[in-house]
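A.B. asks: structure.cif (mmCIF, C-alpha atoms (C1' of nucleotides)) pasted underneath:
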data_upload
#
loop_
_atom_site.label_atom_id
_atom_site.label_comp_id
_atom_site.auth_asym_id
_atom_site.auth_seq_id
_atom_site.Cartn_x
_atom_site.Cartn_y
_atom_site.Cartn_z
CA MET A 1 -17.08 -14.39 -5.26
CA ASN A 2 -20.61 -13.04 -4.68
CA ASN A 3 -21.25 -9.69 -3.07
CA SER A 4 -24.02 -7.57 -1.59
CA ILE A 5 -22.98 -4.26 -3.09
CA GLN A 6 -26.18 -3.60 -5.01
CA GLN A 7 -28.46 -4.22 -2.02
CA LEU A 8 -26.29 -2.07 0.24
CA ARG A 9 -26.16 0.72 -2.34
CA GLN A 10 -29.92 0.69 -2.81
CA GLN A 11 -30.51 0.69 0.95
CA HIS A 12 -28.65 3.98 0.96
CA GLY A 13 -30.68 5.34 -1.96
CA TRP A 14 -27.58 5.77 -4.09
CA SER A 15 -27.07 5.45 -7.83
CA GLN A 16 -24.05 3.55 -9.10
CA ALA A 17 -22.50 6.94 -9.86
CA ASP A 18 -23.11 8.08 -6.27
CA LEU A 19 -21.43 5.01 -4.88
CA ALA A 20 -18.55 5.36 -7.32
CA ARG A 21 -17.97 8.91 -6.12
CA HIS A 22 -17.95 7.83 -2.48
CA LEU A 23 -15.44 5.11 -3.29
CA GLY A 24 -13.26 7.14 -5.59
CA VAL A 25 -13.65 4.77 -8.54
CA SER A 26 -15.43 4.96 -11.87
CA ARG A 27 -19.11 4.20 -12.34
CA GLN A 28 -18.16 1.36 -14.69
CA THR A 29 -16.18 -0.25 -11.91
CA VAL A 30 -19.17 -0.20 -9.55
CA ASN A 31 -21.35 -1.63 -12.31
CA ALA A 32 -18.83 -4.40 -13.03
CA LEU A 33 -18.57 -5.32 -9.35
CA GLU A 34 -22.34 -5.45 -8.88
CA ARG A 35 -22.75 -7.60 -11.97
CA GLY A 36 -19.96 -9.92 -10.84
CA ARG A 37 -17.73 -9.29 -13.85
CA TYR A 38 -14.69 -9.27 -11.58
CA ASP A 39 -13.67 -8.99 -7.92
CA PRO A 40 -12.42 -5.75 -6.40
CA SER A 41 -8.82 -5.35 -5.30
CA LEU A 42 -8.31 -5.90 -1.57
CA PRO A 43 -7.95 -2.15 -0.85
CA LEU A 44 -11.19 -1.43 -2.71
CA ALA A 45 -12.92 -4.25 -0.81
CA PHE A 46 -11.81 -2.55 2.41
CA SER A 47 -13.16 0.80 1.22
CA ILE A 48 -16.51 -0.72 0.34
CA ALA A 49 -16.86 -2.57 3.65
CA ARG A 50 -15.88 0.48 5.66
CA LEU A 51 -18.25 2.74 3.74
CA PHE A 52 -21.14 0.47 4.66
CA GLY A 53 -19.87 -0.15 8.19
CA MET A 54 -19.54 -3.87 7.66
CA ALA A 55 -16.87 -6.57 7.74
CA ILE A 56 -15.46 -7.67 4.40
CA GLU A 57 -16.77 -11.16 5.12
CA ASP A 58 -20.30 -9.75 5.36
CA VAL A 59 -20.14 -7.90 2.05
CA PHE A 60 -18.31 -10.55 0.02
CA GLN A 61 -19.07 -14.26 -0.01
CA PRO A 62 -16.51 -16.55 -1.63
CA VAL A 63 -18.24 -19.08 -3.86
CA ARG A 64 -18.00 -22.50 -2.32
CA ASP A 65 -16.22 -25.17 -4.37
CA MET B 1 -1.69 -2.50 2.95
CA ASN B 2 0.27 -4.19 5.75
CA ASN B 3 -0.30 -7.80 6.72
CA SER B 4 0.59 -10.33 9.39
CA ILE B 5 1.28 -13.26 7.10
CA GLN B 6 4.87 -13.84 8.16
CA GLN B 7 4.09 -13.91 11.88
CA LEU B 8 1.12 -16.22 11.35
CA ARG B 9 3.16 -18.53 9.14
CA GLN B 10 5.99 -18.71 11.65
CA GLN B 11 3.58 -19.37 14.51
CA HIS B 12 2.58 -22.47 12.58
CA GLY B 13 6.20 -23.48 12.02
CA TRP B 14 5.80 -23.32 8.26
CA SER B 15 8.23 -22.36 5.53
CA GLN B 16 7.07 -20.05 2.76
CA ALA B 17 6.85 -23.14 0.56
CA ASP B 18 4.66 -24.90 3.14
CA LEU B 19 2.26 -21.97 3.28
CA ALA B 20 2.21 -21.70 -0.51
CA ARG B 21 1.19 -25.36 -0.74
CA HIS B 22 -1.62 -24.87 1.78
CA LEU B 23 -2.87 -21.88 -0.19
CA GLY B 24 -2.43 -23.33 -3.64
CA VAL B 25 -0.16 -20.53 -4.85
CA SER B 26 3.54 -20.33 -5.69
CA ARG B 27 6.27 -19.77 -3.12
CA GLN B 28 7.17 -16.53 -4.88
CA THR B 29 3.67 -15.24 -4.31
CA VAL B 30 3.89 -15.92 -0.57
CA ASN B 31 7.28 -14.23 -0.47
CA ALA B 32 5.99 -11.18 -2.35
CA LEU B 33 2.97 -10.84 -0.03
CA GLU B 34 5.10 -11.10 3.11
CA ARG B 35 7.52 -8.53 1.77
CA GLY B 36 4.68 -6.19 0.79
CA ARG B 37 5.50 -6.14 -2.92
CA TYR B 38 1.80 -6.29 -3.73
CA ASP B 39 -1.59 -7.08 -2.20
CA PRO B 40 -3.32 -10.43 -2.70
CA SER B 41 -6.48 -10.75 -4.75
CA LEU B 42 -9.65 -10.79 -2.67
CA PRO B 43 -10.14 -14.55 -3.07
CA LEU B 44 -6.58 -15.21 -1.96
CA ALA B 45 -7.06 -12.88 1.02
CA PHE B 46 -10.09 -14.98 1.99
CA SER B 47 -8.05 -18.20 1.69
CA ILE B 48 -5.30 -16.78 3.89
CA ALA B 49 -7.68 -15.55 6.56
CA ARG B 50 -9.62 -18.81 6.62
CA LEU B 51 -6.45 -20.89 6.79
CA PHE B 52 -5.40 -19.02 9.92
CA GLY B 53 -8.94 -18.89 11.33
CA MET B 54 -9.03 -15.11 11.35
CA ALA B 55 -11.03 -12.27 9.85
CA ILE B 56 -9.55 -10.55 6.83
CA GLU B 57 -9.49 -7.35 8.84
CA ASP B 58 -7.24 -9.03 11.40
CA VAL B 59 -4.72 -10.30 8.87
CA PHE B 60 -4.60 -7.21 6.63
CA GLN B 61 -4.36 -3.63 7.80
CA PRO B 62 -4.99 -0.91 5.21
CA VAL B 63 -2.39 1.81 5.52
CA ARG B 64 -4.02 4.92 6.85
CA ASP B 65 -3.77 8.02 4.69
"C1'" DC C 1 34.13 -29.16 2.80
"C1'" DA C 2 29.76 -30.75 0.62
"C1'" DC C 3 25.00 -30.73 0.86
"C1'" DC C 4 20.29 -29.23 1.72
"C1'" DT C 5 16.69 -26.05 3.20
"C1'" DT C 6 15.06 -21.57 3.27
"C1'" DT C 7 14.70 -17.15 1.61
"C1'" DG C 8 15.21 -13.29 -1.76
"C1'" DT C 9 15.10 -11.84 -6.38
"C1'" DA C 10 14.63 -11.47 -11.55
"C1'" DA C 11 12.50 -11.91 -16.17
"C1'" DA C 12 8.89 -13.21 -19.33
"C1'" DG C 13 4.20 -14.06 -19.89
"C1'" DC C 14 -0.82 -14.18 -19.06
"C1'" DG C 15 -5.15 -12.68 -17.08
"C1'" DT C 16 -7.43 -9.32 -14.15
"C1'" DG C 17 -8.66 -4.60 -12.08
"C1'" DC C 18 -9.55 -0.13 -13.23
"C1'" DT C 19 -9.48 3.97 -16.27
"C1'" DT C 20 -11.45 7.08 -20.04
"C1'" DT C 21 -14.40 7.73 -23.86
"C1'" DA C 22 -18.38 6.54 -25.97
"C1'" DC C 23 -22.87 4.72 -27.31
"C1'" DG C 24 -27.59 2.22 -26.70
"C1'" DT C 25 -31.73 1.21 -23.79
"C1'" DT C 26 -35.17 1.96 -20.42
"C1'" DG C 27 -38.35 4.45 -17.48
"C1'" DA C 28 -40.10 8.66 -15.23
"C1'" DG C 29 -41.71 13.39 -15.71
"C1'" DG C 30 -42.27 17.78 -18.15
"C1'" DC D 1 -43.23 13.71 -27.67
"C1'" DC D 2 -38.93 15.21 -25.59
"C1'" DT D 3 -35.62 15.02 -22.13
"C1'" DC D 4 -32.95 13.43 -18.51
"C1'" DA D 5 -31.22 10.06 -15.04
"C1'" DA D 6 -29.75 5.57 -14.49
"C1'" DC D 7 -27.96 1.48 -16.08
"C1'" DG D 8 -25.45 -1.81 -19.24
"C1'" DT D 9 -21.79 -2.47 -22.30
"C1'" DA D 10 -17.63 -2.06 -25.40
"C1'" DA D 11 -12.79 -0.96 -26.72
"C1'" DA D 12 -8.17 0.59 -25.79
"C1'" DG D 13 -4.73 1.12 -22.53
"C1'" DC D 14 -1.98 0.76 -18.21
"C1'" DA D 15 -0.72 -1.40 -13.78
"C1'" DC D 16 -1.12 -5.22 -10.76
"C1'" DG D 17 -1.52 -10.39 -9.31
"C1'" DC D 18 0.33 -14.68 -10.12
"C1'" DT D 19 2.82 -18.20 -12.79
"C1'" DT D 20 7.20 -20.79 -14.26
"C1'" DT D 21 12.07 -21.07 -14.57
"C1'" DA D 22 16.18 -19.80 -12.78
"C1'" DC D 23 19.95 -18.19 -9.96
"C1'" DA D 24 22.32 -16.39 -5.58
"C1'" DA D 25 23.15 -16.05 -0.58
"C1'" DA D 26 22.86 -17.65 4.18
"C1'" DG D 27 22.60 -21.19 7.78
"C1'" DG D 28 22.57 -25.79 9.60
"C1'" DT D 29 24.14 -30.77 9.35
"C1'" DG D 30 26.62 -34.78 7.44
#
Can you give me the file's structure in the form of structure tokens?

C.D. replies:
Amino acid sequence: MNNSIQQLRQQHGWSQADLARHLGVSRQTVNALERGRYDPSLPLAFSIARLFGMAIEDVFQPVRD
Amino acid sequence: MNNSIQQLRQQHGWSQADLARHLGVSRQTVNALERGRYDPSLPLAFSIARLFGMAIEDVFQPVRD
DNA sequence: CACCTTTGTAAAGCGTGCTTTACGTTGAGG
DNA sequence: CCTCAACGTAAAGCACGCTTTACAAAGGTG
């Protein structure tokens, strides 16, 4: 599962800590998501998409088989 | 997080076991999702939405605070 | 009645999602 | 040179997502 979190965050001029605060998660979580260490939970994916005003499908791209 | 899995499954005339086979998960997982015992992982949410030809946002509805 | 399908549930087990605390590196600015 | 912000990473710990095996209850069909 790839995602566009880093680009979206940088477009807003936010640090990882800024984004973490907006999402209500830890900075380490934002870092792990950006670096693809794991996928967010579905509720967190919703929070991220809503924060950036996008559909989940536009923020996250399932890796094709 | 509410979801429309049961209605979508029934519209297709599928049993929980049928849906589980289409998704590649266990029947117990489908049952747990329909009954709201927990939320699916993001990849599984993608599989469900794609199987029914819908957007994730149309299958899953985050509970509002 | 006997059987079969469907659904609900439980327990044990494994990997993942997220936390807190903590430390190392890099780059910009005094 | 020193400092500070930002990022990357690690370890321990807890809760969740999903598995397998297993059993019980309800409804239809022979």

A.B. asks: Measuring atom to atom with only C-alpha atoms (C1' of nucleotides), identify which of A:Asn31, A:Ser4, A:Gln10, A:Gln16 is nearest to chain C.

C.D. replies: A:Asn31

A.B. asks: For the provided coordinates, the residues matched by the PyMOL selection byres ((chain A) within 9 of (chain C)) should be stated as a ChimeraX atom specification.

C.D. replies: /A:25-26,28-29,38-41

A.B. asks: Do you have the CA of Asp18 in chain A-CA of Ile5 in chain A distance handy?

C.D. replies: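 These two atoms are separated by 12.7 Å.
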
A.B. asks: Hey, what comes out of the PyMOL selection byres ((chain A) within 9 of (chain B)) on this file? Could you write it as a VMD selection string?

C.D. replies: chain A and resid 1 39 to 43 45 to 46 55 to 57 62

A.B. asks: Just to be explicit: take each residue in the selection above, keep C-alpha atoms, and write the result as a PDB file, in the coordinates of the input.

C.D. replies:
ATOM      1  CA  MET A   1     -17.080 -14.390  -5.260  1.00  0.00           C
ATOM      2  CA  ASP A  39     -13.670  -8.990  -7.920  1.00  0.00           C
ATOM      3  CA  PRO A  40     -12.420  -5.750  -6.400  1.00  0.00           C
ATOM      4  CA  SER A  41      -8.820  -5.350  -5.300  1.00  0.00           C
ATOM      5  CA  LEU A  42      -8.310  -5.900  -1.570  1.00  0.00           C
ATOM      6  CA  PRO A  43      -7.950  -2.150  -0.850  1.00  0.00           C
ATOM      7  CA  ALA A  45     -12.920  -4.250  -0.810  1.00  0.00           C
ATOM      8  CA  PHE A  46     -11.810  -2.550   2.410  1.00  0.00           C
ATOM      9  CA  ALA A  55     -16.870  -6.570   7.740  1.00  0.00           C
ATOM     10  CA  ILE A  56     -15.460  -7.670   4.400  1.00  0.00           C
ATOM     11  CA  GLU A  57     -16.770 -11.160   5.120  1.00  0.00           C
ATOM     12  CA  PRO A  62     -16.510 -16.550  -1.630  1.00  0.00           C
TER      13      PRO A  62
END

A.B. asks: Output the residue selection produced by the PyMOL selection byres ((chain D) within 10 of (chain A)) on the file above, formatted as a ChimeraX atom specification.

C.D. replies: /D:5-9,16-17

A.B. asks: Report the distance between CA of Asn3 in chain A and CA of Glu34 in chain A in Å, rounded to one decimal place.

C.D. replies: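 Result for CA of Asn3 in chain A versus CA of Glu34 in chain A: 7.3 Å, one decimal.
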
A.B. asks: So how far away is CA of Ala49 in chain A from CA of Gly13 in chain A, in Å?

C.D. replies: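 Distance between the two atoms: 16.9 Å.
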
A.B. asks: Extract range 28-54 of chain A from the coordinates I pasted, and write it as a PDB file, in the first residue's frame (atoms kept: N, CA, C and O atoms).

C.D. replies:
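The result, stored in selection-v9.pdb:
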ATOM      1  N   GLN A  28       5.992   9.516  15.569  1.00  0.00           N
ATOM      2  CA  GLN A  28       6.563   8.264  15.059  1.00  0.00           C
ATOM      3  C   GLN A  28       5.585   7.551  14.139  1.00  0.00           C
ATOM      4  O   GLN A  28       5.998   6.902  13.179  1.00  0.00           O
ATOM      5  N   THR A  29       4.318   7.673  14.439  1.00  0.00           N
ATOM      6  CA  THR A  29       3.314   7.043  13.576  1.00  0.00           C
ATOM      7  C   THR A  29       3.315   7.697  12.195  1.00  0.00           C
ATOM      8  O   THR A  29       3.321   7.013  11.169  1.00  0.00           O
ATOM      9  N   VAL A  30       3.337   9.032  12.162  1.00  0.00           N
ATOM     10  CA  VAL A  30       3.373   9.724  10.874  1.00  0.00           C
ATOM     11  C   VAL A  30       4.629   9.320  10.106  1.00  0.00           C
ATOM     12  O   VAL A  30       4.563   8.997   8.906  1.00  0.00           O
ATOM     13  N   ASN A  31       5.755   9.282  10.802  1.00  0.00           N
ATOM     14  CA  ASN A  31       6.996   8.888  10.134  1.00  0.00           C
ATOM     15  C   ASN A  31       6.892   7.479   9.565  1.00  0.00           C
ATOM     16  O   ASN A  31       7.258   7.229   8.407  1.00  0.00           O
ATOM     17  N   ALA A  32       6.345   6.547  10.349  1.00  0.00           N
ATOM     18  CA  ALA A  32       6.224   5.160   9.894  1.00  0.00           C
ATOM     19  C   ALA A  32       5.302   5.063   8.682  1.00  0.00           C
ATOM     20  O   ALA A  32       5.580   4.312   7.741  1.00  0.00           O
ATOM     21  N   LEU A  33       4.220   5.814   8.675  1.00  0.00           N
ATOM     22  CA  LEU A  33       3.295   5.778   7.542  1.00  0.00           C
ATOM     23  C   LEU A  33       3.970   6.315   6.288  1.00  0.00           C
ATOM     24  O   LEU A  33       3.891   5.710   5.217  1.00  0.00           O
ATOM     25  N   GLU A  34       4.653   7.465   6.420  1.00  0.00           N
ATOM     26  CA  GLU A  34       5.317   8.049   5.256  1.00  0.00           C
ATOM     27  C   GLU A  34       6.367   7.119   4.687  1.00  0.00           C
ATOM     28  O   GLU A  34       6.529   7.016   3.467  1.00  0.00           O
ATOM     29  N   ARG A  35       7.079   6.427   5.581  1.00  0.00           N
ATOM     30  CA  ARG A  35       8.148   5.547   5.113  1.00  0.00           C
ATOM     31  C   ARG A  35       7.632   4.167   4.736  1.00  0.00           C
ATOM     32  O   ARG A  35       8.422   3.272   4.417  1.00  0.00           O
ATOM     33  N   GLY A  36       6.309   3.960   4.835  1.00  0.00           N
ATOM     34  CA  GLY A  36       5.729   2.705   4.392  1.00  0.00           C
ATOM     35  C   GLY A  36       6.000   1.521   5.291  1.00  0.00           C
ATOM     36  O   GLY A  36       5.963   0.373   4.851  1.00  0.00           O
ATOM     37  N   ARG A  37       6.295   1.809   6.585  1.00  0.00           N
ATOM     38  CA  ARG A  37       6.595   0.695   7.498  1.00  0.00           C
ATOM     39  C   ARG A  37       5.340  -0.086   7.828  1.00  0.00           C
ATOM     40  O   ARG A  37       5.407  -1.270   8.134  1.00  0.00           O
ATOM     41  N   TYR A  38       4.202   0.545   7.825  1.00  0.00           N
ATOM     42  CA  TYR A  38       2.932  -0.167   7.949  1.00  0.00           C
ATOM     43  C   TYR A  38       1.805   0.717   7.454  1.00  0.00           C
ATOM     44  O   TYR A  38       2.002   1.917   7.217  1.00  0.00           O
ATOM     45  N   ASP A  39       0.616   0.127   7.293  1.00  0.00           N
ATOM     46  CA  ASP A  39      -0.561   0.865   6.837  1.00  0.00           C
ATOM     47  C   ASP A  39      -1.326   1.402   8.039  1.00  0.00           C
ATOM     48  O   ASP A  39      -1.325   0.786   9.101  1.00  0.00           O
ATOM     49  N   PRO A  40      -2.001   2.537   7.865  1.00  0.00           N
ATOM     50  CA  PRO A  40      -2.814   3.056   8.968  1.00  0.00           C
ATOM     51  C   PRO A  40      -4.051   2.187   9.164  1.00  0.00           C
ATOM     52  O   PRO A  40      -4.463   1.464   8.259  1.00  0.00           O
ATOM     53  N   SER A  41      -4.649   2.298  10.333  1.00  0.00           N
ATOM     54  CA  SER A  41      -5.960   1.692  10.554  1.00  0.00           C
ATOM     55  C   SER A  41      -6.955   2.414   9.654  1.00  0.00           C
ATOM     56  O   SER A  41      -6.683   3.515   9.168  1.00  0.00           O
ATOM     57  N   LEU A  42      -8.118   1.809   9.430  1.00  0.00           N
ATOM     58  CA  LEU A  42      -9.119   2.445   8.573  1.00  0.00           C
ATOM     59  C   LEU A  42      -9.578   3.787   9.143  1.00  0.00           C
ATOM     60  O   LEU A  42      -9.657   4.773   8.401  1.00  0.00           O
ATOM     61  N   PRO A  43      -9.844   3.896  10.445  1.00  0.00           N
ATOM     62  CA  PRO A  43     -10.231   5.205  10.988  1.00  0.00           C
ATOM     63  C   PRO A  43      -9.156   6.269  10.776  1.00  0.00           C
ATOM     64  O   PRO A  43      -9.473   7.413  10.440  1.00  0.00           O
ATOM     65  N   LEU A  44      -7.886   5.894  10.950  1.00  0.00           N
ATOM     66  CA  LEU A  44      -6.822   6.876  10.733  1.00  0.00           C
ATOM     67  C   LEU A  44      -6.736   7.249   9.260  1.00  0.00           C
ATOM     68  O   LEU A  44      -6.512   8.415   8.919  1.00  0.00           O
ATOM     69  N   ALA A  45      -6.948   6.292   8.373  1.00  0.00           N
ATOM     70  CA  ALA A  45      -6.949   6.594   6.931  1.00  0.00           C
ATOM     71  C   ALA A  45      -8.057   7.607   6.625  1.00  0.00           C
ATOM     72  O   ALA A  45      -7.852   8.537   5.840  1.00  0.00           O
ATOM     73  N   PHE A  46      -9.210   7.443   7.248  1.00  0.00           N
ATOM     74  CA  PHE A  46     -10.292   8.412   7.065  1.00  0.00           C
ATOM     75  C   PHE A  46      -9.877   9.790   7.556  1.00  0.00           C
ATOM     76  O   PHE A  46     -10.116  10.795   6.892  1.00  0.00           O
ATOM     77  N   SER A  47      -9.253   9.857   8.735  1.00  0.00           N
ATOM     78  CA  SER A  47      -8.818  11.140   9.282  1.00  0.00           C
ATOM     79  C   SER A  47      -7.848  11.838   8.348  1.00  0.00           C
ATOM     80  O   SER A  47      -7.943  13.047   8.112  1.00  0.00           O
ATOM     81  N   ILE A  48      -6.906  11.072   7.815  1.00  0.00           N
ATOM     82  CA  ILE A  48      -5.896  11.647   6.926  1.00  0.00           C
ATOM     83  C   ILE A  48      -6.555  12.188   5.660  1.00  0.00           C
ATOM     84  O   ILE A  48      -6.306  13.326   5.251  1.00  0.00           O
ATOM     85  N   ALA A  49      -7.416  11.380   5.051  1.00  0.00           N
ATOM     86  CA  ALA A  49      -8.067  11.810   3.807  1.00  0.00           C
ATOM     87  C   ALA A  49      -8.917  13.051   4.050  1.00  0.00           C
ATOM     88  O   ALA A  49      -8.872  14.010   3.274  1.00  0.00           O
ATOM     89  N   ARG A  50      -9.656  13.049   5.151  1.00  0.00           N
ATOM     90  CA  ARG A  50     -10.517  14.205   5.409  1.00  0.00           C
ATOM     91  C   ARG A  50      -9.695  15.461   5.673  1.00  0.00           C
ATOM     92  O   ARG A  50     -10.044  16.550   5.232  1.00  0.00           O
ATOM     93  N   LEU A  51      -8.586  15.294   6.411  1.00  0.00           N
ATOM     94  CA  LEU A  51      -7.739  16.453   6.709  1.00  0.00           C
ATOM     95  C   LEU A  51      -7.250  17.109   5.430  1.00  0.00           C
ATOM     96  O   LEU A  51      -7.168  18.332   5.341  1.00  0.00           O
ATOM     97  N   PHE A  52      -6.943  16.309   4.429  1.00  0.00           N
ATOM     98  CA  PHE A  52      -6.431  16.855   3.175  1.00  0.00           C
ATOM     99  C   PHE A  52      -7.538  17.076   2.149  1.00  0.00           C
ATOM    100  O   PHE A  52      -7.260  17.445   0.997  1.00  0.00           O
ATOM    101  N   GLY A  53      -8.783  16.814   2.533  1.00  0.00           N
ATOM    102  CA  GLY A  53      -9.901  17.045   1.630  1.00  0.00           C
ATOM    103  C   GLY A  53      -9.897  16.133   0.419  1.00  0.00           C
ATOM    104  O   GLY A  53     -10.305  16.541  -0.674  1.00  0.00           O
ATOM    105  N   MET A  54      -9.453  14.901   0.626  1.00  0.00           N
ATOM    106  CA  MET A  54      -9.369  13.979  -0.501  1.00  0.00           C
ATOM    107  C   MET A  54     -10.083  12.670  -0.185  1.00  0.00           C
ATOM    108  O   MET A  54     -10.369  12.383   0.971  1.00  0.00           O
TER     109      MET A  54
END
